[in-house]
>>> print(open('run.csv').read())   # CSV, C-alpha atoms
chain,number,residue,atom,x,y,z
A,276,MET,CA,0.0,0.0,0.0
A,277,LYS,CA,3.0,2.4,0.4
A,278,ASP,CA,3.3,3.1,-3.3
A,279,VAL,CA,-0.5,3.7,-3.6
A,280,ALA,CA,-0.5,6.0,-0.6
A,281,ALA,CA,2.5,7.9,-2.0
A,282,GLY,CA,0.7,8.2,-5.3
A,283,ALA,CA,-2.4,9.5,-3.7
A,284,LEU,CA,-0.5,12.1,-1.7
A,285,ALA,CA,1.3,13.2,-4.9
A,286,LEU,CA,-2.1,13.5,-6.6
A,287,VAL,CA,-3.6,15.6,-3.8
A,288,ALA,CA,-0.5,17.8,-3.8
A,289,CYS,CA,-0.8,18.3,-7.5
A,290,VAL,CA,-4.4,19.4,-7.2
A,291,ALA,CA,-3.7,21.6,-4.2
A,292,GLY,CA,-0.8,23.3,-6.1
A,293,ALA,CA,-3.0,23.9,-9.1
A,294,SER,CA,-5.7,25.2,-6.8
A,295,ALA,CA,-3.4,27.8,-5.3
A,296,ALA,CA,-2.2,29.0,-8.7
A,297,GLN,CA,-5.5,29.0,-10.5
A,298,ALA,CA,-8.1,28.9,-7.7
A,299,GLN,CA,-10.8,30.7,-9.8
A,300,GLU,CA,-10.5,28.0,-12.5
A,301,ILE,CA,-10.6,24.9,-10.4
A,302,VAL,CA,-14.0,23.1,-10.1
A,303,LEU,CA,-14.4,20.8,-7.2
A,304,LYS,CA,-17.0,18.1,-7.3
A,305,PRO,CA,-17.8,15.9,-4.2
A,306,LEU,CA,-18.4,12.2,-4.8
A,307,ILE,CA,-20.5,10.2,-2.3
A,308,ASP,CA,-22.1,6.8,-2.9
A,309,ALA,CA,-23.6,5.0,0.1
A,310,ARG,CA,-25.5,1.7,0.2
A,311,LEU,CA,-27.0,-0.1,3.1
A,312,ARG,CA,-27.9,-3.7,2.3
A,313,TYR,CA,-29.4,-6.8,4.0
A,314,GLU,CA,-28.6,-10.1,2.4
A,315,HIS,CA,-30.2,-13.4,3.5
A,316,VAL,CA,-28.9,-16.8,2.2
A,317,ASP,CA,-30.5,-20.2,2.8
A,318,GLN,CA,-28.4,-22.9,1.2
A,319,GLN,CA,-29.0,-26.6,1.2
A,320,GLY,CA,-26.3,-28.5,3.0
A,321,ILE,CA,-25.5,-25.7,5.4
A,322,ALA,CA,-27.5,-26.0,8.6
A,323,ASP,CA,-27.8,-22.3,9.4
A,324,THR,CA,-28.7,-19.4,7.3
A,325,ALA,CA,-26.6,-16.3,6.7
A,326,ASP,CA,-27.8,-12.8,7.5
A,327,ALA,CA,-25.5,-10.0,6.4
A,328,VAL,CA,-26.2,-6.3,7.1
A,329,THR,CA,-23.5,-4.2,5.5
A,330,LEU,CA,-23.0,-0.5,4.9
A,331,ARG,CA,-20.7,0.6,2.1
A,332,VAL,CA,-19.6,4.2,1.7
A,333,ARG,CA,-17.5,5.6,-1.2
A,334,SER,CA,-16.4,9.2,-0.7
A,335,GLY,CA,-14.0,11.4,-2.6
A,336,VAL,CA,-13.5,14.5,-4.7
A,337,GLN,CA,-12.8,15.4,-8.3
A,338,ALA,CA,-10.9,18.5,-9.2
A,339,SER,CA,-11.2,19.8,-12.8
A,340,ARG,CA,-9.6,22.6,-14.7
A,341,GLY,CA,-10.3,22.7,-18.4
A,342,PRO,CA,-9.6,19.3,-20.0
A,343,PHE,CA,-7.7,18.1,-16.9
A,344,SER,CA,-9.1,16.4,-13.8
A,345,ALA,CA,-7.8,14.6,-10.8
A,346,LEU,CA,-9.9,12.2,-8.7
A,347,VAL,CA,-9.4,10.6,-5.3
A,348,GLU,CA,-11.9,8.2,-3.7
A,349,SER,CA,-11.9,6.0,-0.6
A,350,GLU,CA,-14.1,3.0,0.0
A,351,SER,CA,-15.2,1.5,3.3
A,352,THR,CA,-17.5,-1.4,4.2
A,353,LEU,CA,-18.8,-2.0,7.7
A,354,ALA,CA,-20.4,-5.3,8.7
A,355,ILE,CA,-23.2,-4.3,11.1
A,356,GLY,CA,-24.6,-7.8,11.4
A,357,PRO,CA,-21.7,-10.2,10.8
A,358,GLN,CA,-23.8,-13.4,10.9
A,359,TYR,CA,-22.3,-14.7,7.7
A,360,ASN,CA,-19.2,-16.2,6.2
A,361,ASP,CA,-17.3,-13.4,4.6
A,362,GLY,CA,-14.8,-15.7,3.1
A,363,TYR,CA,-12.2,-15.2,5.8
A,364,ASN,CA,-13.9,-15.7,9.2
A,365,GLY,CA,-14.5,-19.4,8.8
A,366,LYS,CA,-18.0,-19.3,10.2
A,367,PRO,CA,-20.1,-22.4,9.3
A,368,LEU,CA,-22.6,-20.2,7.4
A,369,PRO,CA,-23.3,-19.5,3.7
A,370,VAL,CA,-20.8,-17.1,2.1
A,371,VAL,CA,-21.7,-13.5,1.4
A,372,GLY,CA,-18.7,-11.9,-0.3
A,373,ASP,CA,-18.8,-8.5,1.4
A,374,ALA,CA,-16.0,-8.5,3.9
A,375,GLN,CA,-15.2,-5.4,6.1
A,376,ASN,CA,-12.9,-3.1,4.2
A,377,ILE,CA,-11.3,0.3,4.0
A,378,GLU,CA,-9.1,1.2,1.1
A,379,LEU,CA,-8.2,3.6,-1.6
A,380,ASN,CA,-10.6,2.8,-4.4
A,381,ARG,CA,-9.6,5.3,-7.0
A,382,ALA,CA,-6.8,7.8,-7.6
A,383,GLN,CA,-6.5,8.9,-11.1
A,384,LEU,CA,-5.4,11.7,-13.5
A,385,ARG,CA,-7.4,12.4,-16.6
A,386,TYR,CA,-7.2,14.4,-19.8
A,387,ALA,CA,-10.2,14.7,-22.1
A,388,ASP,CA,-10.4,16.9,-25.2
A,389,TYR,CA,-10.4,16.8,-29.0
A,390,GLY,CA,-12.0,13.4,-29.0
A,391,VAL,CA,-9.2,11.9,-26.9
A,392,ALA,CA,-9.4,10.8,-23.3
A,393,LEU,CA,-6.4,9.6,-21.3
A,394,THR,CA,-6.7,8.2,-17.8
A,395,ALA,CA,-3.8,7.0,-15.6
A,396,GLY,CA,-3.9,5.6,-12.0
A,397,ARG,CA,-6.3,3.5,-10.0
A,398,GLN,CA,-9.6,3.5,-11.9
A,399,LEU,CA,-12.7,1.8,-13.0
A,400,VAL,CA,-12.6,-0.1,-16.3
A,401,THR,CA,-16.0,-1.3,-17.6
A,402,LEU,CA,-16.2,-2.5,-21.2
A,403,GLY,CA,-19.2,-3.5,-23.2
A,404,ASP,CA,-21.8,-5.2,-21.0
A,405,GLN,CA,-19.1,-6.0,-18.5
A,406,ARG,CA,-19.2,-9.7,-19.2
A,407,PHE,CA,-15.5,-9.9,-19.6
A,408,VAL,CA,-14.2,-6.7,-17.9
A,409,GLY,CA,-16.2,-4.9,-15.3
A,410,SER,CA,-16.4,-3.3,-11.9
A,411,ALA,CA,-18.3,-6.0,-10.0
A,412,SER,CA,-20.2,-3.1,-8.4
A,413,TRP,CA,-22.9,-5.4,-7.1
A,414,ARG,CA,-20.5,-6.4,-4.3
A,415,GLN,CA,-20.0,-3.8,-1.7
A,416,ASN,CA,-16.2,-3.7,-2.4
A,417,GLN,CA,-15.7,-2.6,-6.0
A,418,ARG,CA,-13.1,-3.9,-8.5
A,419,THR,CA,-10.7,-1.3,-9.8
A,420,PHE,CA,-7.4,-1.5,-11.9
A,421,ASP,CA,-4.1,0.2,-11.6
A,422,ALA,CA,-3.9,1.1,-15.3
A,423,ALA,CA,-3.4,3.5,-18.2
A,424,ARG,CA,-6.3,3.9,-20.6
A,425,GLY,CA,-6.7,5.7,-23.8
A,426,GLN,CA,-10.0,6.4,-25.7
A,427,TRP,CA,-10.1,8.0,-29.1
A,428,THR,CA,-12.9,9.0,-31.4
A,429,VAL,CA,-11.1,8.5,-34.7
A,430,LEU,CA,-14.0,9.5,-37.0
A,431,PRO,CA,-17.7,10.1,-36.4
A,432,GLY,CA,-19.0,6.7,-35.3
A,433,LEU,CA,-15.6,5.1,-35.0
A,434,SER,CA,-13.9,4.8,-31.6
A,435,VAL,CA,-10.9,3.0,-30.1
A,436,ASP,CA,-10.6,2.1,-26.4
A,437,ALA,CA,-7.3,0.5,-25.2
A,438,THR,CA,-6.2,-0.3,-21.6
A,439,TYR,CA,-3.0,-1.7,-20.1
A,440,ALA,CA,-3.3,-2.7,-16.4
A,441,TRP,CA,-0.6,-4.0,-14.2
A,442,SER,CA,-2.8,-4.8,-11.1
A,443,GLU,CA,-6.4,-5.7,-10.5
A,444,ARG,CA,-7.8,-4.6,-7.1
A,445,ASP,CA,-10.3,-7.3,-6.4
A,446,VAL,CA,-13.6,-7.3,-4.3
A,447,THR,CA,-11.9,-9.2,-1.5
A,448,GLY,CA,-10.6,-6.0,0.2
A,449,ILE,CA,-7.8,-5.6,2.6
A,450,GLN,CA,-8.4,-8.9,4.3
A,451,GLY,CA,-7.1,-10.7,1.2
A,452,THR,CA,-5.0,-13.8,1.7
A,453,PRO,CA,-2.5,-15.5,-0.6
A,454,ALA,CA,-5.4,-17.7,-1.7
A,455,ARG,CA,-7.8,-14.7,-2.2
A,456,PRO,CA,-5.5,-11.7,-2.6
A,457,GLN,CA,-6.5,-8.1,-2.4
A,458,ALA,CA,-4.5,-7.3,-5.5
A,459,ILE,CA,-3.6,-9.6,-8.5
A,460,GLY,CA,-0.5,-8.4,-10.4
A,461,GLY,CA,0.2,-9.2,-14.0
A,462,HIS,CA,-0.2,-7.8,-17.5
A,463,PHE,CA,-3.7,-7.1,-18.6
A,464,TRP,CA,-4.5,-5.8,-22.1
A,465,PHE,CA,-8.0,-4.7,-23.1
A,466,GLY,CA,-8.9,-3.4,-26.5
A,467,ASN,CA,-12.2,-2.4,-28.1
A,468,VAL,CA,-12.9,-0.9,-31.6
A,469,ALA,CA,-16.5,0.2,-32.1
A,470,TYR,CA,-18.3,1.4,-35.1
A,471,ALA,CA,-21.8,2.9,-34.9
A,472,MET,CA,-24.1,2.2,-37.8
A,473,PRO,CA,-27.8,3.2,-38.4
A,474,LEU,CA,-29.2,0.0,-36.8
A,475,GLY,CA,-26.6,-0.7,-34.1
A,476,THR,CA,-23.0,-0.7,-33.0
A,477,LEU,CA,-20.5,-3.3,-34.0
A,478,THR,CA,-17.6,-3.8,-31.6
A,479,GLY,CA,-14.5,-5.9,-31.9
A,480,PHE,CA,-12.8,-6.8,-28.7
A,481,ALA,CA,-9.6,-8.4,-27.4
A,482,TYR,CA,-9.0,-9.2,-23.7
A,483,LEU,CA,-5.6,-10.7,-22.7
A,484,ILE,CA,-5.2,-11.7,-19.0
A,485,ASP,CA,-1.7,-12.7,-17.8
A,486,GLU,CA,-2.0,-13.2,-14.0
A,487,ARG,CA,1.3,-13.1,-12.1
A,488,SER,CA,-0.2,-13.7,-8.6
A,489,ASN,CA,-1.0,-17.2,-7.5
A,490,GLY,CA,-4.5,-16.6,-6.1
A,491,ILE,CA,-7.0,-19.5,-6.0
A,492,ALA,CA,-6.2,-20.8,-9.5
A,493,GLY,CA,-2.8,-19.3,-10.2
A,494,ALA,CA,-2.0,-18.7,-13.8
A,495,ARG,CA,-4.8,-21.1,-14.9
A,496,LEU,CA,-7.1,-18.1,-15.2
A,497,SER,CA,-4.8,-16.4,-17.7
A,498,SER,CA,-6.5,-16.4,-21.1
A,499,GLN,CA,-6.9,-14.6,-24.4
A,500,THR,CA,-10.4,-13.8,-25.6
A,501,TYR,CA,-11.1,-12.4,-29.1
A,502,GLY,CA,-14.6,-11.6,-30.4
A,503,GLY,CA,-17.3,-9.3,-31.7
A,504,ARG,CA,-20.6,-7.9,-30.5
A,505,TYR,CA,-23.4,-6.2,-32.3
A,506,ALA,CA,-26.1,-4.3,-30.4
A,507,GLY,CA,-28.9,-2.0,-31.5
A,508,ASN,CA,-32.6,-1.3,-31.6
A,509,ARG,CA,-35.2,-0.1,-34.0
A,510,LYS,CA,-38.8,1.1,-34.0
A,511,LEU,CA,-41.5,-1.3,-35.2
A,512,GLY,CA,-44.2,0.3,-37.2
A,513,GLY,CA,-46.3,3.1,-35.6
A,514,GLY,CA,-47.5,1.2,-32.6
A,515,GLY,CA,-44.8,2.5,-30.2
A,516,TRP,CA,-43.0,-0.9,-30.1
A,517,THR,CA,-39.2,-1.1,-30.1
A,518,LEU,CA,-37.1,-4.1,-30.8
A,519,GLY,CA,-33.6,-4.4,-29.2
A,520,TYR,CA,-31.1,-7.0,-30.2
A,521,ILE,CA,-27.7,-8.2,-29.2
A,522,ALA,CA,-25.5,-10.8,-30.8
A,523,SER,CA,-22.0,-11.7,-29.5
A,524,VAL,CA,-19.4,-14.4,-30.3
A,525,ALA,CA,-15.9,-14.9,-29.0
A,526,ARG,CA,-13.2,-17.5,-28.8
A,527,GLN,CA,-11.1,-18.0,-25.6
A,528,SER,CA,-7.9,-20.0,-25.2
A,529,ASP,CA,-5.0,-20.3,-22.8
A,530,TYR,CA,-2.5,-17.5,-22.5
A,531,ALA,CA,1.0,-16.7,-21.1
A,532,ARG,CA,1.8,-19.1,-18.2
A,533,ASN,CA,-1.4,-21.0,-18.1
A,534,ALA,CA,-0.5,-24.7,-18.1
A,535,ASN,CA,-4.0,-25.7,-19.3
A,536,ARG,CA,-4.2,-26.1,-23.1
A,537,TYR,CA,-7.7,-25.3,-24.2
A,538,ALA,CA,-9.9,-23.4,-26.6
A,539,ALA,CA,-13.6,-22.8,-26.1
A,540,THR,CA,-16.4,-20.6,-27.6
A,541,TYR,CA,-18.6,-18.0,-26.1
A,542,TRP,CA,-21.8,-16.7,-27.8
A,543,LEU,CA,-24.9,-14.8,-26.8
A,544,GLY,CA,-28.1,-14.0,-28.6
A,545,GLU,CA,-30.8,-11.7,-27.0
A,546,ALA,CA,-33.9,-9.8,-28.1
A,547,THR,CA,-36.0,-7.3,-26.2
A,548,LEU,CA,-39.5,-6.0,-27.2
A,549,SER,CA,-40.7,-2.9,-25.3
A,550,ARG,CA,-43.5,-0.4,-25.4
A,551,LYS,CA,-43.9,2.4,-22.9
A,552,ALA,CA,-43.5,0.9,-19.5
A,553,LEU,CA,-43.5,-2.8,-20.5
A,554,SER,CA,-40.6,-4.9,-21.8
A,555,GLY,CA,-39.9,-8.5,-22.4
A,556,THR,CA,-36.5,-10.2,-23.1
A,557,VAL,CA,-35.5,-13.6,-24.3
A,558,GLY,CA,-31.9,-14.8,-24.6
A,559,TYR,CA,-29.5,-17.6,-24.8
A,560,GLU,CA,-25.9,-17.5,-23.6
A,561,VAL,CA,-23.3,-20.2,-23.9
A,562,LEU,CA,-19.9,-20.3,-22.1
A,563,GLY,CA,-18.5,-23.2,-24.0
A,564,ALA,CA,-16.4,-26.2,-22.7
A,565,ALA,CA,-13.3,-27.7,-24.2
A,566,ARG,CA,-12.5,-31.2,-22.9
A,567,GLY,CA,-14.3,-31.2,-19.6
A,568,ALA,CA,-11.4,-30.5,-17.3
A,569,ALA,CA,-11.4,-27.8,-14.6
A,570,LEU,CA,-10.8,-24.2,-15.9
A,571,THR,CA,-10.9,-25.3,-19.6
A,572,SER,CA,-14.3,-23.8,-20.2
A,573,VAL,CA,-14.9,-20.1,-20.9
A,574,GLN,CA,-14.0,-18.1,-17.8
A,575,THR,CA,-14.7,-14.5,-16.9
A,576,PRO,CA,-12.6,-13.7,-13.8
A,577,LEU,CA,-12.5,-10.0,-14.5
A,578,GLY,CA,-16.2,-9.6,-15.4
A,579,SER,CA,-19.1,-8.3,-13.4
A,580,ILE,CA,-20.7,-11.7,-12.5
A,581,PHE,CA,-24.0,-10.5,-10.9
A,582,GLY,CA,-26.7,-10.1,-13.6
A,583,PHE,CA,-25.4,-13.0,-15.7
A,584,GLN,CA,-26.6,-16.6,-15.3
A,585,GLY,CA,-28.9,-15.8,-12.3
A,586,TRP,CA,-28.5,-13.8,-9.1
A,587,ALA,CA,-27.8,-16.8,-7.0
A,588,ASP,CA,-24.2,-16.8,-8.4
A,589,LYS,CA,-24.0,-20.5,-8.9
A,590,PHE,CA,-21.9,-20.1,-12.0
A,591,ALA,CA,-19.3,-17.5,-10.9
A,592,THR,CA,-16.7,-20.1,-12.0
A,593,THR,CA,-17.8,-21.8,-15.1
A,594,PRO,CA,-18.1,-25.6,-14.6
A,595,PRO,CA,-15.7,-27.9,-16.5
A,596,ASP,CA,-18.5,-28.9,-18.9
A,597,GLY,CA,-19.5,-25.2,-19.6
A,598,VAL,CA,-22.9,-23.8,-19.2
A,599,ARG,CA,-25.9,-22.9,-21.4
A,600,ASP,CA,-28.3,-20.4,-20.1
A,601,GLY,CA,-31.7,-20.0,-21.7
A,602,TYR,CA,-33.6,-17.1,-20.0
A,603,ALA,CA,-36.7,-14.9,-20.3
A,604,THR,CA,-37.5,-11.6,-18.5
A,605,LEU,CA,-40.7,-9.6,-18.1
A,606,GLY,CA,-40.7,-6.2,-16.5
A,607,ALA,CA,-42.3,-2.9,-16.2
A,608,THR,CA,-41.0,0.5,-15.2
A,609,TRP,CA,-43.0,3.7,-14.7
A,610,LYS,CA,-41.5,7.2,-14.7
A,611,HIS,CA,-43.1,10.4,-13.8
A,612,ALA,CA,-42.4,13.8,-12.1
A,613,GLY,CA,-42.5,14.0,-8.4
A,614,LEU,CA,-40.8,12.7,-5.3
A,615,VAL,CA,-41.0,9.1,-6.6
A,616,SER,CA,-39.5,9.6,-10.0
A,617,SER,CA,-39.6,5.9,-11.1
A,618,TYR,CA,-40.7,2.5,-9.8
A,619,GLY,CA,-40.7,-1.0,-11.4
A,620,ILE,CA,-41.0,-4.7,-11.1
A,621,GLY,CA,-39.5,-7.6,-13.0
A,622,ALA,CA,-39.0,-11.3,-13.1
A,623,THR,CA,-36.5,-13.6,-14.9
A,624,VAL,CA,-36.5,-17.4,-15.3
A,625,HIS,CA,-33.4,-19.4,-16.2
A,626,ARG,CA,-32.8,-22.9,-17.4
A,627,PHE,CA,-29.2,-24.0,-17.0
A,628,ASP,CA,-27.6,-26.9,-18.9
A,629,SER,CA,-24.1,-28.1,-19.6
A,630,ASP,CA,-22.4,-27.3,-22.9
A,631,ARG,CA,-21.1,-30.8,-23.2
A,632,ALA,CA,-22.2,-34.2,-21.7
A,633,ALA,CA,-25.9,-33.2,-22.0
A,634,ARG,CA,-26.8,-32.5,-18.3
A,635,HIS,CA,-29.5,-30.3,-16.8
A,636,TYR,CA,-27.8,-28.3,-14.1
A,637,GLY,CA,-30.9,-26.6,-12.6
A,638,ASP,CA,-33.4,-23.7,-12.8
A,639,GLU,CA,-33.7,-20.3,-11.3
A,640,ILE,CA,-36.2,-17.5,-10.9
A,641,ASP,CA,-35.2,-14.0,-9.9
A,642,VAL,CA,-37.7,-11.2,-9.0
A,643,ILE,CA,-37.2,-7.5,-8.2
A,644,ALA,CA,-39.2,-4.5,-7.1
A,645,GLN,CA,-37.5,-1.1,-6.9
A,646,ALA,CA,-38.2,2.6,-6.7
A,647,ARG,CA,-36.3,5.9,-7.1
A,648,ILE,CA,-37.2,8.4,-4.4
A,649,ALA,CA,-35.4,11.7,-4.7
A,650,ARG,CA,-31.7,10.7,-4.5
A,651,TYR,CA,-32.5,7.3,-2.9
A,652,THR,CA,-33.0,4.0,-4.7
A,653,VAL,CA,-34.7,1.3,-2.7
A,654,ALA,CA,-34.9,-2.3,-3.9
A,655,ALA,CA,-36.0,-5.8,-2.9
A,656,ARG,CA,-34.7,-8.8,-4.8
A,657,TYR,CA,-35.2,-12.5,-4.4
A,658,ALA,CA,-33.5,-15.5,-6.1
A,659,HIS,CA,-34.4,-19.1,-6.0
A,660,TYR,CA,-32.1,-21.7,-7.5
A,661,ARG,CA,-33.4,-25.3,-7.8
A,662,ALA,CA,-30.6,-27.7,-8.4
A,663,ASP,CA,-30.8,-30.8,-10.5
A,664,THR,CA,-27.2,-32.1,-11.1
A,665,PHE,CA,-25.1,-29.0,-10.2
A,666,ALA,CA,-24.6,-27.2,-6.9
A,667,THR,CA,-27.4,-27.1,-4.2
A,668,ASP,CA,-30.8,-25.5,-3.7
A,669,THR,CA,-30.3,-21.9,-2.7
A,670,ASP,CA,-32.6,-19.0,-1.8
A,671,LYS,CA,-31.3,-15.4,-1.5
A,672,LEU,CA,-33.1,-12.2,-0.4
A,673,TRP,CA,-31.8,-8.7,-0.6
A,674,LEU,CA,-33.2,-5.4,0.8
A,675,SER,CA,-31.2,-2.3,0.0
A,676,VAL,CA,-31.2,1.5,0.0
A,677,GLU,CA,-28.7,3.5,-1.9
A,678,TRP,CA,-27.9,7.2,-1.9
A,679,VAL,CA,-25.7,8.8,-4.5
A,680,PHE,CA,-24.4,12.4,-4.8
A,681,ASN,CA,-22.0,13.3,-7.6
>>> encode(input="run.csv", output="structure tokens")
Amino acid sequence: MKDVAAGALALVACVAGASAAQAQEIVLKPLIDARLRYEHVDQQGIADTADAVTLRVRSGVQASRGPFSALVESESTLAIGPQYNDGYNGKPLPVVGDAQNIELNRAQLRYADYGVALTAGRQLVTLGDQRFVGSASWRQNQRTFDAARGQWTVLPGLSVDATYAWSERDVTGIQGTPARPQAIGGHFWFGNVAYAMPLGTLTGFAYLIDERSNGIAGARLSSQTYGGRYAGNRKLGGGGWTLGYIASVARQSDYARNANRYAATYWLGEATLSRKALSGTVGYEVLGAARGAALTSVQTPLGSIFGFQGWADKFATTPPDGVRDGYATLGATWKHAGLVSSYGIGATVHRFDSDRAARHYGDEIDVIAQARIARYTVAARYAHYRADTFATDTDKLWLSVEWVFN
């Protein structure tokens, strides 16, 4: 942490010096993001249930002058009701991955002008739908990267996004152990080239992960993933209906020091039909398998897991035989002026099968009700996973309230 602390102090000193020289031109913006959450987990095979009450606060400041900005942000998580296994305390309870934590979450310098944005330091990196690279912001402790990132709008509609990171700051927090480290060093290269067309945006991507820390799986999570994604929407006739569509395909294989030799295919197809408050989605996602050995199927260790393949998180690590997820969602969201600016409900059903060996893993249903009240977002979620041949029956319930000022 010494190098990070020194960097943060240098960053603050730089901002302070600039403030003294050009006080009238410096714009300071406070950053506050607080979330109080209750999570209940009832998992077959574990006698007692988990009840986690946690409060997460991110606070910081951004100083801007013209195209330049500097940002510093801390993150702290307090376990108010620690009746759960946080991954470190060894309690015989279901795991809730929100350990107590206090750390420097972001410390970055940024330049943005003339269609170019350059960011250096500890920062968020979220790409595409965050399937392969994301912030994992569902967890109380966020994922950030020590990285240098460049974004360039080459021509109208054509953009390039390239990142090199030398450390991933994981959601485990300061209690990280050699098996679950707080930081994973290595060489991480992320590249996106996107072209916007009348009916959607076509994106080519390359994600190269070269982990140099042992962690749980060591270098066996090092991989190279190359693929493309097309996403867009269009109006249907004059009835107010809109069709949204996503298609994505990628090929992943071993990389760098990974001793596993494998190659597996990822693909996704999704369609959403919406009109006014209502929307319905159907989709099919495949994280393919190679030969059925551990960690030779498509893995997404740097992705934002929550929101993909069910909220019960049974497939955070892809099984050796891969996973096929057929899902359907029906939801409604109403917006209007007033204290309650929006509220909505939704439900999603999943059917999980293996990619090879023809096995039915299980089924899941997820439901949500949420509302936006002034600066607060309140939500209730429930997930029920019914196991067939993979994992165990699990029920999860979340109640949360979040307040954001930025």
>>> residues_near_point(input="run.csv", point="(-5.0, -1.0, -22.6)", cutoff="12 Å", atoms="all atoms listed in the file", output="PyMOL selection string")
chain A and resi 393-395+400+402+408+420-426+435-441+462-468+480-484
>>> write_last_selection(input="run.csv", atoms="C-alpha atoms", output="PDB file, in the coordinates of the input")
ATOM      1  CA  LEU A 393      -6.400   9.600 -21.300  1.00  0.00           C
ATOM      2  CA  THR A 394      -6.700   8.200 -17.800  1.00  0.00           C
ATOM      3  CA  ALA A 395      -3.800   7.000 -15.600  1.00  0.00           C
ATOM      4  CA  VAL A 400     -12.600  -0.100 -16.300  1.00  0.00           C
ATOM      5  CA  LEU A 402     -16.200  -2.500 -21.200  1.00  0.00           C
ATOM      6  CA  VAL A 408     -14.200  -6.700 -17.900  1.00  0.00           C
ATOM      7  CA  PHE A 420      -7.400  -1.500 -11.900  1.00  0.00           C
ATOM      8  CA  ASP A 421      -4.100   0.200 -11.600  1.00  0.00           C
ATOM      9  CA  ALA A 422      -3.900   1.100 -15.300  1.00  0.00           C
ATOM     10  CA  ALA A 423      -3.400   3.500 -18.200  1.00  0.00           C
ATOM     11  CA  ARG A 424      -6.300   3.900 -20.600  1.00  0.00           C
ATOM     12  CA  GLY A 425      -6.700   5.700 -23.800  1.00  0.00           C
ATOM     13  CA  GLN A 426     -10.000   6.400 -25.700  1.00  0.00           C
ATOM     14  CA  VAL A 435     -10.900   3.000 -30.100  1.00  0.00           C
ATOM     15  CA  ASP A 436     -10.600   2.100 -26.400  1.00  0.00           C
ATOM     16  CA  ALA A 437      -7.300   0.500 -25.200  1.00  0.00           C
ATOM     17  CA  THR A 438      -6.200  -0.300 -21.600  1.00  0.00           C
ATOM     18  CA  TYR A 439      -3.000  -1.700 -20.100  1.00  0.00           C
ATOM     19  CA  ALA A 440      -3.300  -2.700 -16.400  1.00  0.00           C
ATOM     20  CA  TRP A 441      -0.600  -4.000 -14.200  1.00  0.00           C
ATOM     21  CA  HIS A 462      -0.200  -7.800 -17.500  1.00  0.00           C
ATOM     22  CA  PHE A 463      -3.700  -7.100 -18.600  1.00  0.00           C
ATOM     23  CA  TRP A 464      -4.500  -5.800 -22.100  1.00  0.00           C
ATOM     24  CA  PHE A 465      -8.000  -4.700 -23.100  1.00  0.00           C
ATOM     25  CA  GLY A 466      -8.900  -3.400 -26.500  1.00  0.00           C
ATOM     26  CA  ASN A 467     -12.200  -2.400 -28.100  1.00  0.00           C
ATOM     27  CA  VAL A 468     -12.900  -0.900 -31.600  1.00  0.00           C
ATOM     28  CA  PHE A 480     -12.800  -6.800 -28.700  1.00  0.00           C
ATOM     29  CA  ALA A 481      -9.600  -8.400 -27.400  1.00  0.00           C
ATOM     30  CA  TYR A 482      -9.000  -9.200 -23.700  1.00  0.00           C
ATOM     31  CA  LEU A 483      -5.600 -10.700 -22.700  1.00  0.00           C
ATOM     32  CA  ILE A 484      -5.200 -11.700 -19.000  1.00  0.00           C
TER      33      ILE A 484
END
>>> residues_around(input="run.csv", residues="range 605-619 of chain A", least_positions_apart="5", cutoff="7 Å", atoms="all atoms listed in the file", output="list in words")
Ala552, Leu553, Ser554, Gly555, Thr556, Ala644, Gln645, Ala646, Arg647, Ile648 and Ala649 of chain A
>>> closest_residue(input="run.csv", among="A:Arg418, A:Arg406, A:Arg626, A:Arg532", to="Val573 in chain A", atoms="only C-alpha atoms")
A:Arg406
>>> atom_distance(input="run.csv", atom1="CA of Gly507 in chain A", atom2="CA of Ile640 in chain A")
26.8 Å
>>> atom_distance(input="run.csv", atom1="CA of Gln527 in chain A", atom2="CA of Phe583 in chain A")
18.1 Å
